[in-house]
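**Student:** There's a structure below that I have some questions on.
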Amino acid sequence: MKEIMPVNGQFEMMALPYSELGAIISAETLSFHYGKHLKAYVDNMNKALPGSGLENMSLQEVVCMAEGGLLNNAGQVLNHTMYFEQFSNTPMAMSEGFAARLSKDFGSVEAFMKEFEQKGATLFGSGWVWLSEDKDGKLVITQHANADNPLRHGLKPLLTFDVWEHAYYLDYQNRRADYLAVLWQVVDWQEVENRL
Ligand code: MN
């Protein structure tokens, strides 16, 4: 994934490339999730950056090096940027090569998706489920609480589903598993694979 750089010591909010995702994520959810939640994380991160010693570093470097409030907000900015950018109303299919890698490491593409959903559904409280590539080139699924990101654990993050309640509650209420099961329909695999 490309390094996200600040402009004059401040990060800009990503542009959202859609206003709704068909019947999967409503415009109302996005107006809160992108317009309120992500906006607050960006604003709070930018307030905490001056004097932190991490000014002018990329967002990815800030996430790896920050602690406390700056880490929480910067982590959420990177997590949400990757989450929103991986979806599309006209998603590109998975390449044969990537499908083969998933099959090698999880048994099949379907088995990968089932395990990913299961790890998202069973993450207690607020957090994120991730697909990443490890240092040996193996694809792995990990659960991370709150604002944590696989980059802080030596992994290369590729795909993530947000399981904070604010990501799904307006559309799916308490049915987190239903939300996870339909998200595959809008995953743009070209974007995911570009992060390799
Ligand atoms: Mn979120």
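So you can find residues: chains in the structure tokens are A, B, ... in the order shown, residues in each start at 1, and ligands are numbered from 1 in order.
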Going by DSSP on the backbone, which bits of chain A are strand (DSSP E or B)? Write them as number ranges by chain, please.

**Tutor:** A: 7, 10, 21, 25, 87, 127-133, 139-145, 156-162, 187

**Student:** Could you write out the selected residues, including N, CA, C and O atoms, as a short mmCIF file (atom, residue, chain, number, x, y, z; two decimals), in the first residue's frame?

**Tutor:**
```cif
data_model
loop_
_atom_site.label_atom_id
_atom_site.label_comp_id
_atom_site.auth_asym_id
_atom_site.auth_seq_id
_atom_site.Cartn_x
_atom_site.Cartn_y
_atom_site.Cartn_z
N VAL A 7 0.32 16.88 4.73
CA VAL A 7 0.59 18.13 4.04
C VAL A 7 0.74 19.21 5.11
O VAL A 7 -0.21 19.43 5.89
N GLN A 10 -0.21 17.99 8.60
CA GLN A 10 -1.60 17.58 8.87
C GLN A 10 -2.08 16.61 7.80
O GLN A 10 -1.75 16.78 6.61
N LEU A 21 -23.49 1.72 -0.58
CA LEU A 21 -23.01 0.48 -1.22
C LEU A 21 -24.22 -0.43 -1.42
O LEU A 21 -24.47 -1.34 -0.63
N ILE A 25 -24.45 -1.48 2.52
CA ILE A 25 -24.21 -0.44 3.53
C ILE A 25 -24.96 0.81 3.09
O ILE A 25 -24.73 1.33 1.99
N PHE A 87 -13.88 -1.14 -0.90
CA PHE A 87 -15.23 -1.45 -1.38
C PHE A 87 -15.56 -0.68 -2.64
O PHE A 87 -15.04 0.41 -2.88
N GLY A 127 -13.36 -3.79 17.41
CA GLY A 127 -12.10 -4.08 16.77
C GLY A 127 -12.26 -4.37 15.29
O GLY A 127 -13.25 -4.00 14.68
N TRP A 128 -11.26 -5.07 14.76
CA TRP A 128 -11.15 -5.29 13.32
C TRP A 128 -10.63 -6.70 13.07
O TRP A 128 -9.73 -7.16 13.77
N VAL A 129 -11.15 -7.34 12.02
CA VAL A 129 -10.58 -8.60 11.57
C VAL A 129 -9.83 -8.32 10.27
O VAL A 129 -10.30 -7.56 9.42
N TRP A 130 -8.64 -8.91 10.14
CA TRP A 130 -7.73 -8.58 9.03
C TRP A 130 -7.24 -9.82 8.30
O TRP A 130 -6.97 -10.84 8.92
N LEU A 131 -7.04 -9.66 6.99
CA LEU A 131 -6.22 -10.58 6.21
C LEU A 131 -4.90 -9.85 5.94
O LEU A 131 -4.92 -8.70 5.49
N SER A 132 -3.78 -10.50 6.26
CA SER A 132 -2.47 -9.90 6.03
C SER A 132 -1.53 -10.93 5.43
O SER A 132 -1.82 -12.13 5.44
N GLU A 133 -0.40 -10.43 4.94
CA GLU A 133 0.68 -11.30 4.50
C GLU A 133 1.79 -11.23 5.55
O GLU A 133 2.18 -10.13 5.95
N LEU A 139 -0.45 -16.03 3.95
CA LEU A 139 -1.62 -15.20 4.24
C LEU A 139 -2.21 -15.64 5.58
O LEU A 139 -2.39 -16.84 5.82
N VAL A 140 -2.50 -14.66 6.43
CA VAL A 140 -2.98 -14.97 7.78
C VAL A 140 -4.17 -14.09 8.14
O VAL A 140 -4.29 -12.95 7.67
N ILE A 141 -5.08 -14.61 8.97
CA ILE A 141 -6.21 -13.84 9.50
C ILE A 141 -5.93 -13.53 10.96
O ILE A 141 -5.57 -14.42 11.74
N THR A 142 -6.07 -12.26 11.35
CA THR A 142 -5.85 -11.88 12.75
C THR A 142 -6.98 -10.97 13.22
O THR A 142 -7.58 -10.24 12.43
N GLN A 143 -7.23 -11.04 14.53
CA GLN A 143 -8.19 -10.14 15.17
C GLN A 143 -7.40 -9.08 15.94
O GLN A 143 -6.43 -9.42 16.62
N HIS A 144 -7.83 -7.82 15.84
CA HIS A 144 -7.15 -6.77 16.59
C HIS A 144 -8.19 -5.88 17.26
O HIS A 144 -9.15 -5.46 16.63
N ALA A 145 -7.96 -5.61 18.55
CA ALA A 145 -8.92 -4.81 19.32
C ALA A 145 -8.76 -3.32 19.04
O ALA A 145 -7.67 -2.85 18.71
N LYS A 156 1.78 -7.37 6.78
CA LYS A 156 1.37 -6.43 5.72
C LYS A 156 -0.16 -6.55 5.57
O LYS A 156 -0.65 -7.56 5.07
N PRO A 157 -0.92 -5.53 5.99
CA PRO A 157 -2.39 -5.63 5.97
C PRO A 157 -2.96 -5.50 4.55
O PRO A 157 -2.52 -4.66 3.77
N LEU A 158 -3.92 -6.38 4.23
CA LEU A 158 -4.49 -6.42 2.88
C LEU A 158 -5.98 -6.12 2.84
O LEU A 158 -6.47 -5.47 1.91
N LEU A 159 -6.72 -6.65 3.80
CA LEU A 159 -8.19 -6.56 3.78
C LEU A 159 -8.69 -6.48 5.22
O LEU A 159 -8.14 -7.16 6.09
N THR A 160 -9.72 -5.66 5.47
CA THR A 160 -10.23 -5.60 6.84
C THR A 160 -11.74 -5.38 6.86
O THR A 160 -12.28 -4.67 6.01
N PHE A 161 -12.41 -6.01 7.83
CA PHE A 161 -13.81 -5.72 8.11
C PHE A 161 -13.89 -5.10 9.50
O PHE A 161 -13.36 -5.65 10.47
N ASP A 162 -14.53 -3.95 9.57
CA ASP A 162 -14.72 -3.20 10.82
C ASP A 162 -15.85 -3.86 11.61
O ASP A 162 -16.96 -3.98 11.09
N VAL A 187 -16.49 -6.16 -1.97
CA VAL A 187 -15.02 -6.10 -1.86
C VAL A 187 -14.40 -6.04 -3.26
O VAL A 187 -14.67 -6.90 -4.10
#
```

**Student:** Quick one: contact table of chain A to ligand 1, 7 Å max, nearest atom pair and distance in Å to one decimal per residue, counting only C-alpha atoms and all ligand atoms, chain and number order, as a Markdown table?

**Tutor:**
```
| residue | atom | partner | partner_atom_place_in_ligand_line | distance |
| --- | --- | --- | --- | --- |
| A:His33 | CA | ligand 1 | 1 (Mn) | 6.0 |
| A:His37 | CA | ligand 1 | 1 (Mn) | 6.8 |
| A:His80 | CA | ligand 1 | 1 (Mn) | 6.2 |
| A:Asp162 | CA | ligand 1 | 1 (Mn) | 5.6 |
| A:Trp164 | CA | ligand 1 | 1 (Mn) | 5.7 |
| A:His166 | CA | ligand 1 | 1 (Mn) | 6.0 |
| A:Ala167 | CA | ligand 1 | 1 (Mn) | 5.1 |
```

**Student:** Just the selected residues (N, CA, C and O atoms), exported as a JSON list (two decimals), in the first residue's frame, please.

**Tutor:**
```json
[["chain", "number", "residue", "atom", "x", "y", "z"],
["A", 33, "HIS", "N", -20.62, 6.96, 9.69],
["A", 33, "HIS", "CA", -19.34, 6.23, 9.82],
["A", 33, "HIS", "C", -18.20, 7.04, 9.21],
["A", 33, "HIS", "O", -17.14, 7.22, 9.83],
["A", 37, "HIS", "N", -17.66, 9.63, 12.41],
["A", 37, "HIS", "CA", -16.64, 8.87, 13.13],
["A", 37, "HIS", "C", -15.25, 9.10, 12.54],
["A", 37, "HIS", "O", -14.32, 9.46, 13.25],
["A", 80, "HIS", "N", -9.77, 2.83, 8.85],
["A", 80, "HIS", "CA", -10.95, 3.24, 8.08],
["A", 80, "HIS", "C", -10.61, 3.58, 6.63],
["A", 80, "HIS", "O", -11.41, 3.33, 5.74],
["A", 162, "ASP", "N", -14.53, -3.95, 9.57],
["A", 162, "ASP", "CA", -14.72, -3.20, 10.82],
["A", 162, "ASP", "C", -15.85, -3.86, 11.61],
["A", 162, "ASP", "O", -16.96, -3.98, 11.09],
["A", 164, "TRP", "N", -16.58, -2.72, 14.85],
["A", 164, "TRP", "CA", -17.15, -1.78, 15.83],
["A", 164, "TRP", "C", -18.65, -1.69, 15.52],
["A", 164, "TRP", "O", -19.06, -1.67, 14.36],
["A", 166, "HIS", "N", -20.58, 0.75, 15.41],
["A", 166, "HIS", "CA", -20.98, 1.89, 14.57],
["A", 166, "HIS", "C", -20.91, 1.53, 13.07],
["A", 166, "HIS", "O", -21.49, 2.22, 12.25],
["A", 167, "ALA", "N", -20.18, 0.47, 12.72],
["A", 167, "ALA", "CA", -20.04, 0.08, 11.31],
["A", 167, "ALA", "C", -21.30, -0.58, 10.76],
["A", 167, "ALA", "O", -21.52, -0.58, 9.55]]
```

**Student:** Return the single residue from A:Phe112, A:Glu20, A:Glu61, A:Gly69 that is closest to Phe98 in chain A, with distances computed using only C-alpha atoms.

**Tutor:** A:Phe112

**Student:** Can you tell me, as JSON, numbers by chain, what residues are no more than 9 Å from Met13 in chain A when counting only C-alpha atoms, ignoring any on the same chain fewer than 3 positions away?

**Tutor:** {"A": [38, 39, 42, 43, 77, 81]}

**Student:** Go through A:Leu183, A:Tyr169, A:Arg176, A:Met57 and flag the residue nearest Glu3 in chain A, using only C-alpha atoms for the distances.

**Tutor:**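 Residue with the minimum atom-to-atom distance to Glu3 in chain A: A:Met57.
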
**Student:** I need the residue nearest Pro17 in chain A from this list: A:Met65, A:Met5, A:Leu54, A:Leu30. Use only C-alpha atoms for the distance.

**Tutor:**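 For Pro17 in chain A, the nearest of the given residues is A:Leu30.
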
**Student:** Here is a test: counting only C-alpha atoms, which residue of A:Asn174, A:Gln86, A:Gln118, A:Ser108 is nearest to Val186 in chain A?

**Tutor:**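 So, comparing all the options, the nearest one is A:Gln86.
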
**Student:** What lies within 8 Å of Ala121 in chain A using only C-alpha atoms, ignoring chain neighbours under 4 positions off, as a ChimeraX atom specification?

**Tutor:** /A:117,163,176-177,180

**Student:** Hey, which of A:Ala27, A:Ala181, A:Met1, A:Met45 ends up closest to Lys114 in chain A? Count only C-alpha atoms.

**Tutor:** A:Ala181

**Student:** Going by DSSP on the backbone, which bits of range 8-178 of chain A are alpha helix (DSSP H)? Write them as an NGL selection string, please.

**Tutor:** :A and (27-32 or 39-48 or 59-65 or 68-85 or 96-106 or 109-121 or 169-172 or 176-178)

**Student:** Taking 6 positions as the minimum chain separation for residues in the same chain, which residues sit within 10 Å of Asn46 in chain A when counting only C-alpha atoms? Answer as a VMD selection string.

**Tutor:** chain A and resid 6 9 to 12 40 55 70 73 to 74

**Student:** Restrict the selected residues to N, CA, C and O atoms and save them as a compact mmCIF listing (two decimals), in the first residue's frame.

**Tutor:**
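As a result, again.txt now contains:
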```txt
# COMPACT_ATOMS: atom_id res chain seq x y z
N PRO A 6 1.47 13.45 5.18
CA PRO A 6 0.79 14.67 5.61
C PRO A 6 1.16 15.86 4.72
O PRO A 6 2.18 15.81 4.01
N GLY A 9 2.26 18.99 7.87
CA GLY A 9 2.12 18.39 9.20
C GLY A 9 0.71 17.93 9.55
O GLY A 9 0.47 17.50 10.69
N GLN A 10 -0.21 17.99 8.60
CA GLN A 10 -1.60 17.58 8.87
C GLN A 10 -2.08 16.61 7.80
O GLN A 10 -1.75 16.78 6.61
N PHE A 11 -2.84 15.61 8.21
CA PHE A 11 -3.38 14.65 7.25
C PHE A 11 -4.76 15.10 6.77
O PHE A 11 -5.56 15.61 7.54
N GLU A 12 -4.99 14.90 5.47
CA GLU A 12 -6.31 15.22 4.91
C GLU A 12 -7.19 13.99 5.04
O GLU A 12 -6.73 12.86 5.04
N ALA A 40 -13.95 12.65 13.07
CA ALA A 40 -13.46 12.92 14.44
C ALA A 40 -12.07 12.32 14.65
O ALA A 40 -11.21 12.95 15.27
N GLU A 55 5.70 14.41 13.46
CA GLU A 55 5.24 15.26 12.37
C GLU A 55 6.03 14.91 11.10
O GLU A 55 7.22 14.60 11.18
N LEU A 70 -2.75 9.47 20.44
CA LEU A 70 -2.35 9.63 19.03
C LEU A 70 -2.43 8.30 18.30
O LEU A 70 -2.91 8.22 17.17
N ASN A 73 -6.17 7.38 17.54
CA ASN A 73 -6.78 8.14 16.44
C ASN A 73 -6.11 7.84 15.10
O ASN A 73 -6.79 7.63 14.10
N ALA A 74 -4.78 7.79 15.07
CA ALA A 74 -4.07 7.49 13.82
C ALA A 74 -4.39 6.07 13.35
O ALA A 74 -4.58 5.82 12.16
```
